[in-house]
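**Q** The structure that follows is given in the form of structure tokens.
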Amino acid sequence: MYNLYARWIREGRLKPDSSWNNDLKIKFTVQDPCQIVRKTFGDPAAEDMRLVVKACVGEENFIDMAPNRSNNFCCGGGGGFLQSGFKEERLLYGRTKDEQIQATKAHYCVTGCHNCHAQIHELGEHFGGGYHAVHAWTILGLALGILGESERVHLGEDLQEVNLPESSG
Amino acid sequence: MAKDVIKLSGKRKSAFKDMVMGLLPDGGNLNACLTCGACCSGCPATGFDGMDPRKFLRMAALGMDDAIKESRWPWFCTMCTRCVHVCPMEINIPQLVFNARKLTPRDKVPKGILGSCDMALSKPTNSAMGCSQEDFEFVVGDILDEIKEEYPIWEERNLVAPIDKKGAEFFINQNSREPMIEPEEMGPLWKILNLAGVDWTYGSVGWAAENYCMFMADDDGWKELTQRSAEKCDELGCKTFLNTE
Ligand code: SF4
Ligand code: SF4
């Protein structure tokens with residue numbers, strides 16, 4: 001999906017505007033999903049993800065984890081781990097990811113896959129990092145000025161009011 | 001590194017490893033390990049139950065098939081392939097793990113994974129959470145109405161969320177978590193597709209994106225779920241199958 005978002009941005013079919021974050025300077029990082037980057041499309045998909053996120057939040061507000069792209073660590077949500085019942089091990093596995101995210105000091109981690117989203121959301125709460133896991137469509141919607149009030153469940157307090165479209169109420 | 005000593009059983013036939021090697025191109029290089037440990041140091045599951053990827057590979061090479069069958073570790077490895085990426089010999093440990101999962105008798109498979117696979121197989125929608133065609137249709141329609149009511153601009157822009165639209169360019173799937181738990185998360189994607197001028201559709205059959213049969217290493221179930229989606233996509237004459245992940 002990222003490659004299409006990136007293509008539509010390049011073609012000018014989508015015009016995200018990152019100026020909402022010029023003064024707020026809220027920091028974002030991305031989780032490179034193993035399934036999409038390392039296992040399927042390789043680093044070009046990782047570049048597309050960065051193109052999309054940077055276009056939405058501003059180049060200077062994007063911070064990469066280390067290591068990243070094809071060399072990134074799995075978050076621990078993959079391979080069925082989320083449904084396997086081994087919660088303790090799953091969180092322990094995610095410790096590696098949590099430390100990586102906390103080191104970036106980002107407030108938000110954009111996730112490109114549902115397993116990553118659920119796992120990183122839980123890691124943020126469990127280890128107390130305080131970061132939020134957000135879907136790409138949320139951040140794209142925010143930068144396009146189309147993200148409604150009820151579509152901000154995964155955004156923190158700081159972004160509940162930002163770039164809200166005009167409503168009928 | 002794990003402290004446990006690997007105990008060798010009397011016979012050293014590696015039936016399991018040989019079987020897996022037969023399935024992989026170049027045998028997955030499973031005989032080429034240099035024991036350098038690069039895989040272990042970068043694997044987040046190293047140390048769980050005293051196991052790590054190199055040790056798991058060694059056990060397979062030594063024919064400790066029973067110990068592998070008993071081990072819970074294949075369920076702790078996410079098959080993320082980072083070990084393959086860093087291994088100088090590109091040894092395919094995740095495929096070894098995938099096949100080790102296959103050795104698990106059905107009643108020993110983690111219940112959540114088995115339940116999700118069985119549920120998906122029992123529903124034409126492929127939903128591991130049991131979302132039916134009717135429920136999906138209802139939720140999609142409901143959210144679409146809500147958006148248009150609150151933001152009339154989407155009425156003007158003709159926001160749509162079609163199901164079974166013939167000849168649409170993209171056949172799009174959706175994780176069950178959205179219709180079942182967070183339906184309002186579907187709206188942003190629809191709006192983005194609208195702005196980008198994309199012609200798309202969901203399918204009444206096979207719209208669910210998750211596939212737990214694959215995680216269970218149940219090849220037949222995996223294939224069945226994938227086939228349902230692909231056939232619906234073909235039947236509608238959609239050009240591109242698009243996974244929202
Ligand atoms: S990285 Fe490869 S060669 Fe090195 S120990 Fe692991 S499997 Fe063996
Ligand atoms: S595929 Fe499994 S063994 Fe390899 S790095 Fe990932 S979790 Fe570890």
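Ordering of the structure tokens sets the chain letters (A, B, ...), residue numbers begin anew at 1 in every chain, and ligands are numbered from 1 in the order given.
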I'd like the contact shell of Ile192 of chain B - 12 Å cut-off, only C-alpha atoms, skipping same-chain residues fewer than 5 positions apart - returned as an MDAnalysis selection string.
**A** (chainID A and resid 1 4:5 8:9 13:16 136:147) or (chainID B and resid 154 157 159:161 186:187 197:200)
**Q** Please provide as a PyMOL selection string all residues within 10 Å of Asn72 of chain A, with the sequence filter that same-chain residues fewer than 6 positions apart are discarded (counting only C-alpha atoms).
**A** (chain A and resi 31-34+37-38+65-66+97+100) or (chain B and resi 42+80+82)
**Q** Kindly save the residues from that selection, with N, CA and C atoms included, as an mmCIF file, in the first residue's frame.
**A**
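Below you can see again.cif, which holds the result:
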```
data_model
loop_
_atom_site.group_PDB
_atom_site.id
_atom_site.type_symbol
_atom_site.label_atom_id
_atom_site.label_comp_id
_atom_site.auth_asym_id
_atom_site.auth_seq_id
_atom_site.Cartn_x
_atom_site.Cartn_y
_atom_site.Cartn_z
ATOM 1 N N GLN A 31 8.045 1.976 11.655
ATOM 2 C CA GLN A 31 8.397 0.566 11.789
ATOM 3 C C GLN A 31 8.388 -0.039 10.392
ATOM 4 N N ASP A 32 9.546 -0.517 9.938
ATOM 5 C CA ASP A 32 9.608 -1.217 8.652
ATOM 6 C C ASP A 32 9.036 -2.616 8.858
ATOM 7 N N PRO A 33 7.881 -2.921 8.277
ATOM 8 C CA PRO A 33 7.305 -4.250 8.516
ATOM 9 C C PRO A 33 8.142 -5.327 7.821
ATOM 10 N N CYS A 34 8.500 -6.370 8.565
ATOM 11 C CA CYS A 34 9.333 -7.450 8.014
ATOM 12 C C CYS A 34 8.707 -7.985 6.734
ATOM 13 N N VAL A 37 8.945 -5.117 3.829
ATOM 14 C CA VAL A 37 10.280 -4.660 3.450
ATOM 15 C C VAL A 37 11.245 -5.832 3.251
ATOM 16 N N ARG A 38 11.659 -6.476 4.360
ATOM 17 C CA ARG A 38 12.706 -7.497 4.232
ATOM 18 C C ARG A 38 12.246 -8.694 3.398
ATOM 19 N N MET A 65 14.789 4.703 13.236
ATOM 20 C CA MET A 65 15.336 3.794 14.256
ATOM 21 C C MET A 65 16.667 3.251 13.749
ATOM 22 N N ALA A 66 17.437 2.682 14.630
ATOM 23 C CA ALA A 66 18.667 2.015 14.211
ATOM 24 C C ALA A 66 18.684 0.613 14.844
ATOM 25 N N LYS A 97 12.409 -4.006 20.293
ATOM 26 C CA LYS A 97 11.745 -2.961 19.504
ATOM 27 C C LYS A 97 11.459 -1.735 20.354
ATOM 28 N N GLN A 100 14.462 0.346 20.820
ATOM 29 C CA GLN A 100 14.755 1.048 19.565
ATOM 30 C C GLN A 100 13.879 2.294 19.408
ATOM 31 N N GLY B 42 21.335 -11.065 16.652
ATOM 32 C CA GLY B 42 20.327 -10.131 16.161
ATOM 33 C C GLY B 42 18.915 -10.674 16.224
ATOM 34 N N CYS B 80 10.684 -13.758 11.002
ATOM 35 C CA CYS B 80 10.898 -12.405 10.478
ATOM 36 C C CYS B 80 12.021 -12.348 9.446
ATOM 37 N N ARG B 82 15.204 -11.965 9.766
ATOM 38 C CA ARG B 82 16.366 -11.108 9.977
ATOM 39 C C ARG B 82 17.646 -11.941 10.064
#
```
**Q** Check every residue of chain A for an atom within 8 Å of chain B, counting only C-alpha atoms, and provide those that qualify as number ranges by chain.
**A** A: 1, 8, 13-14, 34-35, 38-39, 70-74, 76-81, 83-86, 89-90, 93-94, 96, 112-114, 137-138, 140-141, 146-147, 150-151, 165-169
**Q** I'd like the contact shell of segment 122-132 of chain B - 7 Å cut-off, only C-alpha atoms, skipping same-chain residues fewer than 2 positions apart - returned as a PyMOL selection string.
**A** chain B and resi 116-120+134-136+176+180+204-208+210+225
**Q** Around ligand 1, which protein and nucleic acid residues have at least one atom no more than 12 Å from it, if we count only C-alpha atoms and all ligand atoms? List them as a PyMOL selection string.
**A** chain B and resi 1+28-43+46+52-58+60-61+81-94+96
**Q** Compile the contact shell of segment 118-121 of chain A as a ChimeraX atom specification: residues with an atom at most 6 Å away, counting only C-alpha atoms, same-chain residues fewer than 3 positions apart removed.
**A** /A:77,115,124,133
**Q** DSSP on the backbone: what in segment 23-68 of chain A comes out alpha helix (DSSP H), as a short mmCIF file (atom, residue, chain, number, x, y, z; two decimals) with all heavy atoms, in the first residue's frame?
**A**
```cif
data_model
loop_
_atom_site.label_atom_id
_atom_site.label_comp_id
_atom_site.auth_asym_id
_atom_site.auth_seq_id
_atom_site.Cartn_x
_atom_site.Cartn_y
_atom_site.Cartn_z
N ASP A 43 14.39 -2.73 0.22
CA ASP A 43 14.57 -1.34 0.63
C ASP A 43 13.74 -0.31 -0.15
O ASP A 43 13.38 0.71 0.41
CB ASP A 43 16.05 -0.97 0.61
CG ASP A 43 16.77 -1.55 1.83
OD1 ASP A 43 16.08 -1.97 2.77
OD2 ASP A 43 18.02 -1.58 1.82
N PRO A 44 13.45 -0.53 -1.45
CA PRO A 44 12.63 0.48 -2.13
C PRO A 44 11.30 0.73 -1.42
O PRO A 44 10.81 1.86 -1.38
CB PRO A 44 12.40 -0.14 -3.52
CG PRO A 44 13.60 -1.01 -3.75
CD PRO A 44 13.95 -1.55 -2.39
N ALA A 45 10.70 -0.32 -0.85
CA ALA A 45 9.45 -0.14 -0.11
C ALA A 45 9.69 0.71 1.13
O ALA A 45 8.86 1.52 1.53
CB ALA A 45 8.86 -1.49 0.28
N ALA A 46 10.85 0.52 1.75
CA ALA A 46 11.20 1.31 2.94
C ALA A 46 11.36 2.78 2.56
O ALA A 46 10.96 3.67 3.31
CB ALA A 46 12.48 0.77 3.57
N GLU A 47 11.92 3.02 1.39
CA GLU A 47 12.08 4.41 0.93
C GLU A 47 10.72 5.05 0.67
O GLU A 47 10.50 6.22 0.97
CB GLU A 47 12.93 4.47 -0.35
CG GLU A 47 14.37 4.00 -0.18
CD GLU A 47 15.08 4.61 1.02
OE1 GLU A 47 14.79 5.77 1.40
OE2 GLU A 47 15.92 3.91 1.62
N ASP A 48 9.81 4.26 0.09
CA ASP A 48 8.46 4.77 -0.15
C ASP A 48 7.77 5.15 1.16
O ASP A 48 7.10 6.17 1.25
CB ASP A 48 7.61 3.72 -0.89
CG ASP A 48 7.89 3.72 -2.39
OD1 ASP A 48 8.54 4.67 -2.88
OD2 ASP A 48 7.44 2.78 -3.07
N MET A 49 7.96 4.30 2.18
CA MET A 49 7.37 4.62 3.48
C MET A 49 7.88 5.94 4.00
O MET A 49 7.13 6.77 4.51
CB MET A 49 7.74 3.55 4.51
CG MET A 49 6.99 2.26 4.37
SD MET A 49 7.48 1.08 5.66
CE MET A 49 6.68 1.77 7.10
N ARG A 50 9.18 6.16 3.85
CA ARG A 50 9.78 7.39 4.36
C ARG A 50 9.30 8.59 3.55
O ARG A 50 9.06 9.66 4.10
CB ARG A 50 11.30 7.28 4.35
CG ARG A 50 11.77 6.46 5.55
CD ARG A 50 13.12 5.82 5.37
NE ARG A 50 13.45 5.01 6.55
CZ ARG A 50 12.90 3.82 6.81
NH1 ARG A 50 12.02 3.29 5.99
NH2 ARG A 50 13.23 3.17 7.91
N LEU A 51 9.16 8.42 2.25
CA LEU A 51 8.66 9.51 1.41
C LEU A 51 7.27 9.94 1.90
O LEU A 51 7.00 11.13 2.06
CB LEU A 51 8.60 9.05 -0.05
CG LEU A 51 8.11 10.08 -1.08
CD1 LEU A 51 8.92 9.94 -2.38
CD2 LEU A 51 6.62 9.95 -1.38
N VAL A 52 6.41 8.96 2.16
CA VAL A 52 5.05 9.27 2.59
C VAL A 52 5.05 9.96 3.96
O VAL A 52 4.45 11.02 4.13
CB VAL A 52 4.19 7.98 2.65
CG1 VAL A 52 2.82 8.27 3.23
CG2 VAL A 52 4.07 7.35 1.27
N VAL A 53 5.76 9.36 4.90
CA VAL A 53 5.74 9.92 6.25
C VAL A 53 6.37 11.32 6.28
O VAL A 53 5.82 12.24 6.90
CB VAL A 53 6.44 8.97 7.26
CG1 VAL A 53 6.53 9.60 8.63
CG2 VAL A 53 5.69 7.65 7.34
N LYS A 54 7.48 11.50 5.59
CA LYS A 54 8.12 12.82 5.58
C LYS A 54 7.21 13.87 4.93
O LYS A 54 7.15 15.01 5.38
CB LYS A 54 9.46 12.76 4.84
CG LYS A 54 10.56 12.07 5.65
CD LYS A 54 11.84 11.98 4.83
CE LYS A 54 12.91 11.23 5.61
NZ LYS A 54 14.11 11.00 4.77
N ALA A 55 6.51 13.47 3.88
CA ALA A 55 5.60 14.41 3.22
C ALA A 55 4.48 14.83 4.17
O ALA A 55 3.93 15.91 4.06
CB ALA A 55 5.02 13.78 1.96
N CYS A 56 4.14 13.97 5.10
CA CYS A 56 3.03 14.24 6.02
C CYS A 56 3.44 14.97 7.29
O CYS A 56 2.65 15.74 7.84
CB CYS A 56 2.34 12.94 6.42
SG CYS A 56 1.52 12.11 5.05
N VAL A 57 4.65 14.71 7.78
CA VAL A 57 5.02 15.28 9.09
C VAL A 57 6.19 16.26 8.99
O VAL A 57 6.54 16.90 9.99
CB VAL A 57 5.38 14.18 10.11
CG1 VAL A 57 4.26 13.15 10.19
CG2 VAL A 57 6.71 13.50 9.79
#
```
**Q** Nearest to ligand 2: which of A:Asp64, A:Lys25, A:Cys75, A:Val110 is it, counting only C-alpha atoms and all ligand atoms?
**A**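 With only C-alpha atoms and all ligand atoms as the atom set, the closest residue is A:Cys75.
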**Q** Residues of chain A classed as strand (DSSP E) by DSSP on the backbone are to be reported as an mmCIF file with C-alpha atoms, in the first residue's frame.
**A**
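Final file, selection-v8.cif:
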```
data_model
loop_
_atom_site.group_PDB
_atom_site.id
_atom_site.type_symbol
_atom_site.label_atom_id
_atom_site.label_comp_id
_atom_site.auth_asym_id
_atom_site.auth_seq_id
_atom_site.Cartn_x
_atom_site.Cartn_y
_atom_site.Cartn_z
ATOM 1 C CA PHE A 28 7.708 10.492 14.123
ATOM 2 C CA THR A 29 9.497 7.267 13.366
ATOM 3 C CA VAL A 30 8.442 4.282 11.221
ATOM 4 C CA GLN A 31 8.397 0.566 11.789
ATOM 5 C CA TYR A 108 4.605 8.447 17.238
ATOM 6 C CA CYS A 109 5.555 5.275 15.440
ATOM 7 C CA VAL A 110 3.887 4.856 12.061
ATOM 8 C CA THR A 111 3.106 1.198 11.427
ATOM 9 C CA HIS A 132 1.633 5.981 20.076
ATOM 10 C CA ALA A 133 1.303 3.512 17.216
ATOM 11 C CA VAL A 134 -0.514 4.989 14.226
ATOM 12 C CA HIS A 135 -1.656 3.618 10.884
#
```
